[in-house]
2 protein chains.
Amino acid sequence: MSSVTRVEVLNTGTELLFGSVINTHLSFLAQQLFPIGLRVQRQSTIPDGDSIRDAITESASRCDVILVTGGLGPTTDDITREIVSEMTGRPLRYDDSILQKISKRFKQRGITMTDRTARQAFVPEGAAVLPNDHGTAPGLHIEARNGIPHLFLFPGPPRELRPMFTTYALPILRSLAGKQDLHARTYRTTGLGESQVERIVGNRLLAIPGLELGYCARMGEVDVRVIGSRTAVESAAQLIEDELAPYIVTTEEKDLEDVVVELLKANKATLAIAESCTGGLLANRITDVPGASLVFVEGNVTYSNDAKMRTLDVSAELLSNVGAVSEEVARAMAEGALKRSGATYALSTTGIAGPDGGTDQKPVGTVFIGLASRGSATLIEKEFFPTDRPSFKRICTQHALEMLRRKILGI
Amino acid sequence: MSSVTRVEVLNTGTELLFGSVINTHLSFLAQQLFPIGLRVQRQSTIPDGDSIRDAITESASRCDVILVTGGLGPTTDDITREIVSEMTGRPLRYDDSILQKISKRFKQRGITMTDRTARQAFVPEGAAVLPNDHGTAPGLHIEARNGIPHLFLFPGPPRELRPMFTTYALPILRSLAGKQDLHARTYRTTGLGESQVERIVGNRLLAIPGLELGYCARMGEVDVRVIGSRTAVESAAQLIEDELAPYIVTTEEKDLEDVVVELLKANKATLAIAESCTGGLLANRITDVPGASLVFVEGNVTYSNDAKMRTLDVSAELLSNVGAVSEEVARAMAEGALKRSGATYALSTTGIAGPDGGTDQKPVGTVFIGLASRGSATLIEKEFFPTDRPSFKRICTQHALEMLRRKILGI
């Protein structure tokens, strides 16, 4: 049997096409597949119901494995199981052990089981059941047969799909994939535009045989991603590290908060945070990193002027003279947070996220970011990021984390 | 000319299939299209480069409009413009006004323009240019001709695409769509399982002619979504509101934080937050709501025990006797935040997000949530959400916001 290489993802869910839910399945599945040498070559989102039939037929001619999410639940719009049974000529068989498991789960939670629930206990003949440790509908693996590739069916809720995928589906996929020579490296750079990055390294990277090259530009950042055999990726890595060193923030898809927490740990340093306009996002990003408690002392979301005075000791006079969105208040906030927390570093943000609250002097998008440190002068940067409210908060925190990274590294 | 109704979205971007970036385009575009009576019937993600050709050909037979994102940048993997020019038989023409605009933008930012940048100034003959007010590559609208539907090409970065879409593409799409009788309503419920919700309203909703019905289950929440003509949606709404009233949290896709901020405003009440395990996410969700500053006084992310003592006046004795993750500390945190802030309500969270730090008595996933209020007893709820770290943080904040919503409403 030859190894599988071509994977497609089919997400069913009217709510995804309706826009009320963001599809995070593709990102999760792709990141899980890559280390076993598999890549997603295409992904489609289709409505609940009958469209899954055509979608599987189309994908079947292009790939070896289809990962299907959604449509396994108890309600009338969940018919993935039934359609797949019909398409693969595997009649549905009742599996009592599944119903027993669901029934036990319901009892523990004091929920009454309805007739519909029993639908989840039917399994296409010969399919392997992937247990659902976090919900009711089990997943299924149906081996390739009669021109239909390997099908893996997963429940839609991420908290059910994710552990099911890593625990039960990944080992099967690993054995199907065999040994693949597939490697990747992503360099996140800052300080250069996309076309400048390409001018420096582009032609020489394109000349490496078998290397796949990609760029991805975001606000203030450009990712350079290289994919290929170990040899190709190593050659590319050397070139990129030689030529772009001062601009590289992270490699290996790490987020900036991961890098900052690592640097703080390595330097036995601690961090306090005083946020106004970023409203807790900066603390939230830091505390998304496992083990953040070793370096993060406290965060203060001082949204009101009263809170700035009470918690960070910003003076009422300063607030009334220069306003909360000012270099002076950013400085006082960072220094206040440093003092009260005893931390090595303190970051502060104060700005106008909008949509309201802007003035001619300080339009929506204005922000001051402060960084106070033990034993050196407080740094303040003024920036202007006129965009929507969530993006503004995000970009401000990105900038603050990058200030801290450079400070710790002394660059 | 008949109105367009069938829309597909094609997202190009190897980074999306690689999993390093989450696709937020579909959600944005779908939410923008619905109010003008258009829905996305299908979406696909394809790699950068040549695959766009096959993808457009496939979609062409199924729809009236294709919205394409990505592949308009200056680098070698950006070739959407060239392929579309070839497929539609519209040769590329150089448009000097585009290059002038890019050049001006670069000068303002002190960036040197490279040769590659000029590629972005080429436009398929007869295409309408959609100006890019937040970046370099303009978007394009190419009218339907020779079996290829209307094509709209957008740059990949959301901060460029979004304003371009609403300002320049939406008016064109509105006139193409004409007048459509398309309405929707989503009810977010809590306290019932998916199959229980269906048992109460499912059959009667299915009996409403022309109504499309969908369910979406999340941790502790079930959405019921109805789509159809005004008449159908109004009948459905009445039935759902009659039968599910005590379980309905929000309608119209509002997030719980929006509802909570509205309720606080309506009751002239204010909120303070004391977070440990949720690490700033609760404050972040509240401050994502425009106008949150009217009701949100301050948040304290007291991650360390020192911070809990210093900022919230939690006693050292209590911390050493019962531990930071306990009913007593949740209570002391909420009451400490209420006292220091002078707010009407104070929410607190303390728990074990994991992956490390769990014990037999208090395994990873344990959380205590506190709600202190002026003039009534502090409420504490103990919950157990064993999942990954970001989901844990999210679910804890959801639970905290729901406690506050019920408290304000007295239900």
# chains A, B, ... in the order shown; residues from 1 in each chain; ligands from 1
$ select_by_dssp --residues "range 12-193 of chain A" --states "alpha helix (DSSP H)" --output "PDB file with C-alpha atoms, in the first residue's frame"
ATOM      1  CA  THR A  14     -24.154  26.726   7.807  1.00  0.00           C
ATOM      2  CA  GLU A  15     -23.003  28.869  10.739  1.00  0.00           C
ATOM      3  CA  LEU A  16     -19.523  29.074   9.168  1.00  0.00           C
ATOM      4  CA  LEU A  17     -20.925  30.314   5.845  1.00  0.00           C
ATOM      5  CA  PHE A  18     -23.269  32.608   7.688  1.00  0.00           C
ATOM      6  CA  HIS A  25     -10.568  23.744  12.302  1.00  0.00           C
ATOM      7  CA  LEU A  26      -8.322  24.238   9.290  1.00  0.00           C
ATOM      8  CA  SER A  27      -5.607  25.932  11.289  1.00  0.00           C
ATOM      9  CA  PHE A  28      -5.713  23.284  14.010  1.00  0.00           C
ATOM     10  CA  LEU A  29      -5.737  20.320  11.629  1.00  0.00           C
ATOM     11  CA  ALA A  30      -2.969  21.716   9.430  1.00  0.00           C
ATOM     12  CA  GLN A  31      -0.704  22.318  12.411  1.00  0.00           C
ATOM     13  CA  GLN A  32      -1.332  18.777  13.652  1.00  0.00           C
ATOM     14  CA  LEU A  33      -0.724  17.192  10.255  1.00  0.00           C
ATOM     15  CA  SER A  51     -24.053  19.341  -0.112  1.00  0.00           C
ATOM     16  CA  ILE A  52     -21.564  17.022   1.559  1.00  0.00           C
ATOM     17  CA  ARG A  53     -22.344  14.442  -1.128  1.00  0.00           C
ATOM     18  CA  ASP A  54     -21.110  16.568  -4.059  1.00  0.00           C
ATOM     19  CA  ALA A  55     -18.202  17.901  -2.038  1.00  0.00           C
ATOM     20  CA  ILE A  56     -16.889  14.415  -1.228  1.00  0.00           C
ATOM     21  CA  THR A  57     -17.298  13.366  -4.862  1.00  0.00           C
ATOM     22  CA  GLU A  58     -15.276  16.361  -6.070  1.00  0.00           C
ATOM     23  CA  SER A  59     -12.510  15.949  -3.508  1.00  0.00           C
ATOM     24  CA  ALA A  60     -12.331  12.185  -4.055  1.00  0.00           C
ATOM     25  CA  THR A  80     -23.023  13.467   7.373  1.00  0.00           C
ATOM     26  CA  ARG A  81     -23.124   9.948   8.875  1.00  0.00           C
ATOM     27  CA  GLU A  82     -26.114   8.888   6.762  1.00  0.00           C
ATOM     28  CA  ILE A  83     -24.734  10.284   3.490  1.00  0.00           C
ATOM     29  CA  VAL A  84     -21.321   8.727   3.971  1.00  0.00           C
ATOM     30  CA  SER A  85     -22.926   5.366   4.745  1.00  0.00           C
ATOM     31  CA  GLU A  86     -24.840   5.554   1.478  1.00  0.00           C
ATOM     32  CA  MET A  87     -21.872   6.784  -0.634  1.00  0.00           C
ATOM     33  CA  ASP A  96     -24.959  -0.288  21.746  1.00  0.00           C
ATOM     34  CA  SER A  97     -21.682   0.568  23.474  1.00  0.00           C
ATOM     35  CA  ILE A  98     -21.884   4.085  22.007  1.00  0.00           C
ATOM     36  CA  LEU A  99     -25.392   4.629  23.321  1.00  0.00           C
ATOM     37  CA  GLN A 100     -24.387   3.323  26.737  1.00  0.00           C
ATOM     38  CA  LYS A 101     -21.558   5.850  26.840  1.00  0.00           C
ATOM     39  CA  ILE A 102     -23.818   8.733  25.826  1.00  0.00           C
ATOM     40  CA  SER A 103     -26.457   7.644  28.308  1.00  0.00           C
ATOM     41  CA  LYS A 104     -23.896   7.551  31.119  1.00  0.00           C
ATOM     42  CA  ARG A 105     -22.658  11.025  30.182  1.00  0.00           C
ATOM     43  CA  PHE A 106     -26.206  12.412  30.216  1.00  0.00           C
ATOM     44  CA  LYS A 107     -26.957  10.846  33.586  1.00  0.00           C
ATOM     45  CA  GLN A 108     -23.833  12.392  35.129  1.00  0.00           C
ATOM     46  CA  ARG A 109     -25.010  15.798  33.961  1.00  0.00           C
ATOM     47  CA  PRO A 158     -13.528  22.261  18.604  1.00  0.00           C
ATOM     48  CA  ARG A 159     -13.382  21.098  22.219  1.00  0.00           C
ATOM     49  CA  GLU A 160     -14.646  17.673  21.060  1.00  0.00           C
ATOM     50  CA  LEU A 161     -12.750  17.494  17.769  1.00  0.00           C
ATOM     51  CA  ARG A 162      -9.331  18.514  19.028  1.00  0.00           C
ATOM     52  CA  PRO A 163      -8.694  15.882  21.702  1.00  0.00           C
ATOM     53  CA  MET A 164     -10.356  13.253  19.478  1.00  0.00           C
ATOM     54  CA  LEU A 170      -3.450  11.181  14.446  1.00  0.00           C
ATOM     55  CA  PRO A 171      -1.947   7.728  15.151  1.00  0.00           C
ATOM     56  CA  ILE A 172      -3.957   6.257  12.240  1.00  0.00           C
ATOM     57  CA  LEU A 173      -2.921   9.110   9.935  1.00  0.00           C
ATOM     58  CA  ARG A 174       0.694   8.718  11.000  1.00  0.00           C
ATOM     59  CA  SER A 175       0.710   5.083   9.926  1.00  0.00           C
ATOM     60  CA  LEU A 176      -1.062   5.935   6.667  1.00  0.00           C
ATOM     61  CA  ALA A 177       1.469   8.683   5.930  1.00  0.00           C
TER      62      ALA A 177
END
$ residues_around --residues "range 300-305 of chain B" --least-positions-apart "6" --cutoff "7 Å" --atoms "only C-alpha atoms" --output "PyMOL selection string"
(chain A and resi 293+296-301) or (chain B and resi 273-276+279-280)
$ closest_residue --among "A:Ala121, A:Ile248, A:Ile46, A:Ile352" --to "Gly291 in chain B" --atoms "only C-alpha atoms"
A:Ile352
$ residues_around --residues "Gln361 in chain A" --least-positions-apart "2" --cutoff "12 Å" --atoms "only C-alpha atoms" --output "list in words"
Val322, Gly323, Val325, Ser326, Ile352, Gly357, Gly358, Thr359, Pro363, Val364, Gly365, Thr366 and Phe384 of chain A
$ closest_residue --among "B:Ala353, B:Met333, B:Ala169, B:Ile380" --to "Pro290 in chain A" --atoms "only C-alpha atoms"
B:Ala353
$ closest_residue --among "B:Leu294, B:Leu318, B:Cys396, B:Ala332" --to "Lys268 in chain B" --atoms "only C-alpha atoms"
B:Leu294
$ closest_residue --among "A:Ile395, A:Cys216, A:Leu130, A:Ala266" --to "chain B" --atoms "only C-alpha atoms"
A:Cys216
$ select_by_dssp --residues "range 95-260 of chain A" --states "strand (DSSP E)" --output "number ranges by chain"
A: 122-124, 128-130, 139-142, 150-154, 183-190, 212-218, 221-228, 248-251
$ write_last_selection --atoms "C-alpha atoms" --output "PDB file, in the first residue's frame"
ATOM      1  CA  PHE A 122     -25.191   4.229  14.335  1.00  0.00           C
ATOM      2  CA  VAL A 123     -21.912   3.381  12.596  1.00  0.00           C
ATOM      3  CA  PRO A 124     -21.256   2.593   8.902  1.00  0.00           C
ATOM      4  CA  ALA A 128     -13.561   2.451  13.138  1.00  0.00           C
ATOM      5  CA  VAL A 129     -15.082   4.467  15.962  1.00  0.00           C
ATOM      6  CA  LEU A 130     -13.036   7.411  17.287  1.00  0.00           C
ATOM      7  CA  GLY A 139     -15.895  10.300  15.201  1.00  0.00           C
ATOM      8  CA  LEU A 140     -15.423   7.727  12.452  1.00  0.00           C
ATOM      9  CA  HIS A 141     -12.663   6.464  10.192  1.00  0.00           C
ATOM     10  CA  ILE A 142     -13.774   4.753   7.003  1.00  0.00           C
ATOM     11  CA  HIS A 150      -9.994   7.559   3.491  1.00  0.00           C
ATOM     12  CA  LEU A 151     -12.725   9.482   5.276  1.00  0.00           C
ATOM     13  CA  PHE A 152     -12.362  10.796   8.815  1.00  0.00           C
ATOM     14  CA  LEU A 153     -15.535  12.266  10.287  1.00  0.00           C
ATOM     15  CA  PHE A 154     -15.274  14.558  13.300  1.00  0.00           C
ATOM     16  CA  HIS A 183      10.091  20.277   6.779  1.00  0.00           C
ATOM     17  CA  ALA A 184       9.230  23.913   7.252  1.00  0.00           C
ATOM     18  CA  ARG A 185      10.514  27.039   8.849  1.00  0.00           C
ATOM     19  CA  THR A 186       8.803  30.375   9.249  1.00  0.00           C
ATOM     20  CA  TYR A 187      10.685  33.563  10.026  1.00  0.00           C
ATOM     21  CA  ARG A 188       8.646  36.405  11.418  1.00  0.00           C
ATOM     22  CA  THR A 189      10.379  39.671  10.565  1.00  0.00           C
ATOM     23  CA  THR A 190       9.685  43.220  11.564  1.00  0.00           C
ATOM     24  CA  GLU A 212       8.521  26.244  -1.608  1.00  0.00           C
ATOM     25  CA  LEU A 213       8.618  29.891  -0.647  1.00  0.00           C
ATOM     26  CA  GLY A 214       5.861  32.050   0.780  1.00  0.00           C
ATOM     27  CA  TYR A 215       5.488  35.529   2.209  1.00  0.00           C
ATOM     28  CA  CYS A 216       2.752  36.789   4.469  1.00  0.00           C
ATOM     29  CA  ALA A 217       2.506  40.477   5.343  1.00  0.00           C
ATOM     30  CA  ARG A 218       0.741  41.843   8.389  1.00  0.00           C
ATOM     31  CA  GLU A 221       5.415  42.233  10.151  1.00  0.00           C
ATOM     32  CA  VAL A 222       6.394  40.032   7.223  1.00  0.00           C
ATOM     33  CA  ASP A 223       6.603  36.248   7.518  1.00  0.00           C
ATOM     34  CA  VAL A 224       8.966  34.324   5.255  1.00  0.00           C
ATOM     35  CA  ARG A 225       7.989  30.662   5.115  1.00  0.00           C
ATOM     36  CA  VAL A 226      10.073  27.934   3.495  1.00  0.00           C
ATOM     37  CA  ILE A 227       8.839  24.366   3.027  1.00  0.00           C
ATOM     38  CA  GLY A 228      10.599  21.373   1.497  1.00  0.00           C
ATOM     39  CA  ILE A 248      13.912  38.337  12.640  1.00  0.00           C
ATOM     40  CA  VAL A 249      11.597  38.305  15.657  1.00  0.00           C
ATOM     41  CA  THR A 250      10.761  34.625  15.934  1.00  0.00           C
ATOM     42  CA  THR A 251      10.981  31.354  14.051  1.00  0.00           C
TER      43      THR A 251
END
$ residues_around --residues "Val259 in chain A" --least-positions-apart "5" --cutoff "10 Å" --atoms "only C-alpha atoms" --output "PDB file with N, CA and C atoms, in the first residue's frame"
ATOM      1  N   VAL A 249      12.154  38.272  14.304  1.00  0.00           N
ATOM      2  CA  VAL A 249      11.597  38.305  15.657  1.00  0.00           C
ATOM      3  C   VAL A 249      11.503  36.894  16.215  1.00  0.00           C
ATOM      4  N   THR A 250      10.917  35.998  15.463  1.00  0.00           N
ATOM      5  CA  THR A 250      10.761  34.625  15.934  1.00  0.00           C
ATOM      6  C   THR A 250      10.873  33.675  14.751  1.00  0.00           C
ATOM      7  N   THR A 251      11.079  32.398  15.068  1.00  0.00           N
ATOM      8  CA  THR A 251      10.981  31.354  14.051  1.00  0.00           C
ATOM      9  C   THR A 251       9.967  30.343  14.552  1.00  0.00           C
ATOM     10  N   LYS A 254       6.240  30.728  16.423  1.00  0.00           N
ATOM     11  CA  LYS A 254       5.981  31.162  17.796  1.00  0.00           C
ATOM     12  C   LYS A 254       5.360  32.539  17.787  1.00  0.00           C
ATOM     13  N   LEU A 264      11.955  36.494  29.370  1.00  0.00           N
ATOM     14  CA  LEU A 264      11.840  36.895  30.772  1.00  0.00           C
ATOM     15  C   LEU A 264      12.330  35.763  31.670  1.00  0.00           C
ATOM     16  N   LYS A 265      11.884  34.539  31.365  1.00  0.00           N
ATOM     17  CA  LYS A 265      12.316  33.383  32.163  1.00  0.00           C
ATOM     18  C   LYS A 265      13.834  33.241  32.130  1.00  0.00           C
ATOM     19  N   VAL A 289       0.280  32.088  27.552  1.00  0.00           N
ATOM     20  CA  VAL A 289       1.484  31.256  27.477  1.00  0.00           C
ATOM     21  C   VAL A 289       1.554  30.370  28.721  1.00  0.00           C
ATOM     22  N   LEU A 401       4.842  44.453  23.138  1.00  0.00           N
ATOM     23  CA  LEU A 401       5.639  43.243  23.339  1.00  0.00           C
ATOM     24  C   LEU A 401       6.972  43.341  22.601  1.00  0.00           C
ATOM     25  N   GLU A 402       6.941  43.938  21.405  1.00  0.00           N
ATOM     26  CA  GLU A 402       8.173  44.086  20.625  1.00  0.00           C
ATOM     27  C   GLU A 402       9.135  45.068  21.310  1.00  0.00           C
ATOM     28  N   ARG A 405      10.723  43.039  24.002  1.00  0.00           N
ATOM     29  CA  ARG A 405      11.673  42.067  23.452  1.00  0.00           C
ATOM     30  C   ARG A 405      13.004  42.743  23.135  1.00  0.00           C
TER      31      ARG A 405
END
$ residues_around --residues "Asp48 in chain A" --least-positions-apart "5" --cutoff "7 Å" --atoms "only C-alpha atoms" --output "count of residues only"
6
$ residues_around --residues "Arg340 in chain A" --least-positions-apart "4" --cutoff "9 Å" --atoms "only C-alpha atoms" --output "MDAnalysis selection string"
(chainID A and resid 311:312 335:336) or (chainID B and resid 310)
$ write_last_selection --atoms "N, CA and C atoms" --output "PDB file, in the first residue's frame"
ATOM      1  N   THR A 311      -4.667  53.176  41.526  1.00  0.00           N
ATOM      2  CA  THR A 311      -3.829  51.978  41.442  1.00  0.00           C
ATOM      3  C   THR A 311      -2.394  52.294  41.039  1.00  0.00           C
ATOM      4  N   LEU A 312      -2.225  53.281  40.144  1.00  0.00           N
ATOM      5  CA  LEU A 312      -0.886  53.510  39.592  1.00  0.00           C
ATOM      6  C   LEU A 312      -0.272  54.805  40.089  1.00  0.00           C
ATOM      7  N   GLU A 335       5.692  53.584  35.285  1.00  0.00           N
ATOM      8  CA  GLU A 335       6.510  53.708  36.495  1.00  0.00           C
ATOM      9  C   GLU A 335       5.708  53.356  37.745  1.00  0.00           C
ATOM     10  N   GLY A 336       4.425  53.698  37.748  1.00  0.00           N
ATOM     11  CA  GLY A 336       3.552  53.337  38.863  1.00  0.00           C
ATOM     12  C   GLY A 336       3.420  51.818  38.985  1.00  0.00           C
TER      13      GLY A 336
ATOM     14  N   ARG B 310      -1.778  42.595  47.783  1.00  0.00           N
ATOM     15  CA  ARG B 310      -1.490  44.020  47.629  1.00  0.00           C
ATOM     16  C   ARG B 310      -2.688  44.772  47.057  1.00  0.00           C
TER      17      ARG B 310
END
$ closest_residue --among "A:Gly370, A:Gly156, A:Pro138, A:Gly70" --to "Met403 in chain A" --atoms "only C-alpha atoms"
A:Gly370
